[in-house]
2 protein chains.
Amino acid sequence: MTMQTIKIQPLNAKSFAPYGEVIACKDNDFFHINDQHTERYHALAEAETDAKVGLSIFRNIKNTEIPFQVSMLERHPVGSQAFIPMQGQSFLIVVAPALDQVTPDLSKLQAFISDGTQGVNYRAGTWHHPLLTLEAPSDFVVIDRIGTGPNCDVYSFPQQVCIEN
Amino acid sequence: MTMQTIKIQPLNAKSFAPYGEVIACKDNDFFHINDQHTERYHALAEAETDAKVGLSIFRNIKNTEIPFQVSMLERHPVGSQAFIPMQGQSFLIVVAPALDQVTPDLSKLQAFISDGTQGVNYRAGTWHHPLLTLEAPSDFVVIDRIGTGPNCDVYSFPQQVCIEN
């Protein structure tokens, strides 16, 4: 059986729309605030939660080299989760739409690369791979639900999928 | 009458505590997630809001040179507001505690500089100066309240204050 391979594509709002929002200035409107000193790219995403919204930092300490294999996805049913690079660094995003209530549709798996000016917000319930970075250490501000109770489902693939350029 | 002058000090959690939280890895604990690939610096701050929490980008298009004069502060009574640098860039923070219900205590004005790995979260009601950056353009992810109704008070100083190294 041949290994399924997925090509990495540049991240953009249109392609990523089924999964959430791209947090970036590029291709978005703004209005001026602060006596014209600042452009506000307003509410590029909204946090979803049944509890509180927290600001954390994720420091990835192991880098990923392309090509690489993935064998799982996770989702947070009751909270969105946003990742925004803190040093303008590029990073990788692997997502899939839902096939049914409990399974991602691996035939529609997609891989994106942020250009480093782009963050992402995964909407609640979006199947996504945990943080994948090209360099380490690599810091991201993460905006997600802070609450008690289960909020992470994991799906293990029947076989690995290769992500490549 | 001599102009009041304030020295800029390095940003740290203890000094900033009356105003909110410093969003940084340094000096904070973490736990491992993602099969030991990632350090999570968990819930360094929580968003305060009576409405929704949004993710925006503020692009500052005018830089500030030190020394500089300030003549106003603002506050958001019903929402916190966090600023995290997206390119590891340093920035300036000017804050004051409240003197009474409607006035900041200018005799206790403080100025901080982030080392570029540090963001800040102003708690709801904290008197602070709008975004001040040393370079332009300069991008920050901003996490704040998205809602209707008034949420910005402005206090204009009786005379300018000089901020210097």
# chains A, B, ... in the order shown; residues from 1 in each chain; ligands from 1
$ calpha_fit_and_write --fixed "chain B" --moving "chain A" --output "tab-separated table (two decimals) with C-alpha atoms, in the first residue's frame"
chain	number	residue	atom	x	y	z
A	1	MET	CA	7.59	74.98	36.46
A	2	THR	CA	10.01	72.15	35.68
A	3	MET	CA	8.79	69.36	33.43
A	4	GLN	CA	8.25	66.07	35.25
A	5	THR	CA	10.64	63.39	33.94
A	6	ILE	CA	10.25	59.62	34.19
A	7	LYS	CA	13.07	57.12	33.66
A	8	ILE	CA	12.40	54.07	31.50
A	9	GLN	CA	12.95	50.81	33.39
A	10	PRO	CA	13.23	47.24	32.10
A	11	LEU	CA	9.87	45.46	32.10
A	12	ASN	CA	9.44	42.73	34.70
A	13	ALA	CA	6.47	40.95	36.24
A	14	LYS	CA	6.93	42.32	39.76
A	15	SER	CA	7.07	46.01	38.80
A	16	PHE	CA	4.24	45.59	36.28
A	17	ALA	CA	1.97	43.63	38.64
A	18	PRO	CA	-0.22	46.62	39.63
A	19	TYR	CA	-1.15	47.05	35.96
A	20	GLY	CA	-1.45	43.53	34.61
A	21	GLU	CA	0.69	40.65	33.45
A	22	VAL	CA	3.91	40.27	31.48
A	23	ILE	CA	3.46	37.68	28.70
A	24	ALA	CA	6.85	35.98	28.48
A	25	CYS	CA	8.63	32.68	28.99
A	26	LYS	CA	11.36	34.24	31.10
A	27	ASP	CA	10.79	33.84	34.86
A	28	ASN	CA	7.67	31.72	34.31
A	29	ASP	CA	7.02	28.00	34.84
A	30	PHE	CA	5.90	25.62	32.13
A	31	PHE	CA	4.77	22.05	31.62
A	32	HIS	CA	5.44	19.77	28.67
A	33	ILE	CA	2.75	18.96	26.12
A	34	ASN	CA	2.64	17.44	22.60
A	35	ASP	CA	4.77	14.39	23.42
A	36	GLN	CA	7.51	16.58	24.96
A	37	HIS	CA	7.85	18.68	21.82
A	38	THR	CA	6.45	21.81	23.43
A	39	GLU	CA	6.73	23.77	26.67
A	40	ARG	CA	3.38	25.32	27.64
A	41	TYR	CA	3.68	28.55	29.64
A	42	HIS	CA	0.09	28.24	30.71
A	43	ALA	CA	-2.43	31.05	31.11
A	44	LEU	CA	0.11	33.81	31.68
A	45	ALA	CA	-2.90	36.11	31.54
A	46	GLU	CA	-6.66	35.79	31.18
A	47	ALA	CA	-8.79	38.05	29.02
A	48	GLU	CA	-11.36	40.15	30.86
A	49	THR	CA	-14.51	41.12	28.99
A	50	ASP	CA	-18.25	41.64	29.29
A	51	ALA	CA	-18.66	40.68	25.63
A	52	LYS	CA	-16.42	38.73	23.22
A	53	VAL	CA	-12.65	38.37	23.04
A	54	GLY	CA	-11.08	39.20	19.70
A	55	LEU	CA	-7.69	38.82	18.08
A	56	SER	CA	-6.56	41.87	16.16
A	57	ILE	CA	-3.27	43.17	14.83
A	58	PHE	CA	-2.09	46.67	15.65
A	59	ARG	CA	0.46	47.93	13.10
A	60	ASN	CA	2.17	51.01	14.47
A	61	ILE	CA	3.20	53.20	11.55
A	62	LYS	CA	4.92	56.00	13.47
A	63	ASN	CA	7.90	55.30	15.67
A	64	THR	CA	8.80	57.04	18.92
A	65	GLU	CA	12.27	58.37	19.69
A	66	ILE	CA	13.58	58.59	23.24
A	67	PRO	CA	13.27	61.02	25.00
A	68	PHE	CA	9.63	61.79	24.26
A	69	GLN	CA	6.73	63.62	25.84
A	70	VAL	CA	3.40	62.16	26.81
A	71	SER	CA	0.29	64.18	27.55
A	72	MET	CA	-2.49	61.63	27.89
A	73	LEU	CA	-3.42	58.17	29.11
A	74	GLU	CA	-6.41	56.01	28.32
A	75	ARG	CA	-8.17	53.08	29.97
A	76	HIS	CA	-10.67	50.42	28.96
A	77	PRO	CA	-13.03	50.01	31.93
A	78	VAL	CA	-14.72	46.77	30.85
A	79	GLY	CA	-11.97	44.85	29.07
A	80	SER	CA	-8.35	43.83	29.36
A	81	GLN	CA	-6.04	44.52	26.43
A	82	ALA	CA	-2.90	42.55	25.60
A	83	PHE	CA	-0.08	43.50	23.22
A	84	ILE	CA	2.41	40.87	22.07
A	85	PRO	CA	5.19	41.69	19.58
A	86	MET	CA	5.07	39.61	16.37
A	87	GLN	CA	8.67	40.19	15.29
A	88	GLY	CA	10.48	40.04	18.62
A	89	GLN	CA	10.61	43.81	18.67
A	90	SER	CA	11.08	45.95	21.76
A	91	PHE	CA	8.39	48.51	22.68
A	92	LEU	CA	7.53	51.08	25.31
A	93	ILE	CA	4.88	50.99	28.02
A	94	VAL	CA	3.66	54.00	30.02
A	95	VAL	CA	1.19	53.39	32.85
A	96	ALA	CA	-0.12	54.94	36.03
A	97	PRO	CA	-2.22	53.68	38.96
A	98	ALA	CA	-5.59	55.27	39.63
A	99	LEU	CA	-5.73	58.32	41.91
A	100	ASP	CA	-9.50	58.18	42.21
A	101	GLN	CA	-12.47	56.90	40.18
A	102	VAL	CA	-11.76	59.10	37.17
A	103	THR	CA	-8.10	60.20	37.34
A	104	PRO	CA	-4.71	58.50	37.02
A	105	ASP	CA	-2.09	59.32	39.65
A	106	LEU	CA	0.50	61.13	37.53
A	107	SER	CA	2.87	61.38	40.48
A	108	LYS	CA	3.24	57.61	40.14
A	109	LEU	CA	3.56	57.43	36.34
A	110	GLN	CA	5.90	54.61	35.24
A	111	ALA	CA	7.62	53.79	31.95
A	112	PHE	CA	8.87	50.33	30.96
A	113	ILE	CA	10.62	48.85	27.97
A	114	SER	CA	9.92	45.31	26.74
A	115	ASP	CA	12.97	43.38	25.58
A	116	GLY	CA	10.98	42.11	22.58
A	117	THR	CA	10.30	38.64	24.04
A	118	GLN	CA	7.79	40.21	26.42
A	119	GLY	CA	4.20	41.22	25.79
A	120	VAL	CA	1.88	42.85	28.28
A	121	ASN	CA	-1.74	42.46	29.31
A	122	TYR	CA	-3.36	45.57	30.76
A	123	ARG	CA	-6.09	44.58	33.16
A	124	ALA	CA	-9.48	46.23	32.69
A	125	GLY	CA	-9.35	49.82	33.88
A	126	THR	CA	-5.56	50.20	33.80
A	127	TRP	CA	-4.44	53.68	32.73
A	128	HIS	CA	-1.94	53.27	29.89
A	129	HIS	CA	-0.56	55.16	26.93
A	130	PRO	CA	-1.54	53.97	23.44
A	131	LEU	CA	1.03	51.80	21.65
A	132	LEU	CA	4.55	53.28	21.50
A	133	THR	CA	7.11	51.58	19.28
A	134	LEU	CA	10.77	52.24	18.59
A	135	GLU	CA	10.49	51.17	14.97
A	136	ALA	CA	7.78	51.39	12.31
A	137	PRO	CA	6.02	49.56	10.86
A	138	SER	CA	5.77	47.37	13.94
A	139	ASP	CA	3.14	44.64	14.37
A	140	PHE	CA	1.52	43.39	17.56
A	141	VAL	CA	-1.18	40.84	18.14
A	142	VAL	CA	-3.79	42.44	20.38
A	143	ILE	CA	-6.27	40.47	22.45
A	144	ASP	CA	-9.09	42.61	23.71
A	145	ARG	CA	-12.83	43.02	24.17
A	146	ILE	CA	-15.01	43.05	21.09
A	147	GLY	CA	-18.30	44.59	22.07
A	148	THR	CA	-20.58	47.57	21.81
A	149	GLY	CA	-20.94	50.41	24.29
A	150	PRO	CA	-18.30	52.75	25.70
A	151	ASN	CA	-14.98	51.22	26.75
A	152	CYS	CA	-12.39	53.98	26.44
A	153	ASP	CA	-11.77	56.83	28.87
A	154	VAL	CA	-9.10	59.41	28.05
A	155	TYR	CA	-7.27	61.61	30.56
A	156	SER	CA	-5.38	64.65	29.23
A	157	PHE	CA	-2.51	65.84	31.41
A	158	PRO	CA	-2.40	69.42	32.72
A	159	GLN	CA	1.20	69.48	31.42
A	160	GLN	CA	3.42	67.15	29.40
A	161	VAL	CA	5.68	64.58	31.06
A	162	CYS	CA	9.08	63.67	29.62
A	163	ILE	CA	10.03	59.96	29.32
A	164	GLU	CA	13.76	59.35	29.09
A	165	ASN	CA	16.47	56.72	29.47
$ select_by_dssp --residues "chain B" --states "strand (DSSP E or B)" --output "ChimeraX atom specification"
/B:4-10,20-23,31-33,38-46,49,52-60,68-75,79,81-85,87,91-96,98,104,110-114,119-122,127-128,132-133,138-146,153-164
$ select_by_dssp --residues "range 1-30 of chain A" --states "alpha helix (DSSP H)" --output "list of chain:residue names"
A:Ala13, A:Lys14, A:Ser15, A:Phe16
$ write_last_selection --atoms "N, CA and C atoms" --output "compact mmCIF listing (two decimals), in the first residue's frame"
# COMPACT_ATOMS: atom_id res chain seq x y z
N ALA A 13 -6.18 32.94 3.52
CA ALA A 13 -7.48 32.96 4.21
C ALA A 13 -8.51 32.08 3.53
N LYS A 14 -8.53 32.10 2.19
CA LYS A 14 -9.57 31.37 1.46
C LYS A 14 -9.42 29.86 1.67
N SER A 15 -8.21 29.36 1.48
CA SER A 15 -8.00 27.91 1.62
C SER A 15 -8.20 27.45 3.06
N PHE A 16 -7.87 28.35 4.02
CA PHE A 16 -7.94 27.97 5.43
C PHE A 16 -9.34 28.18 6.03
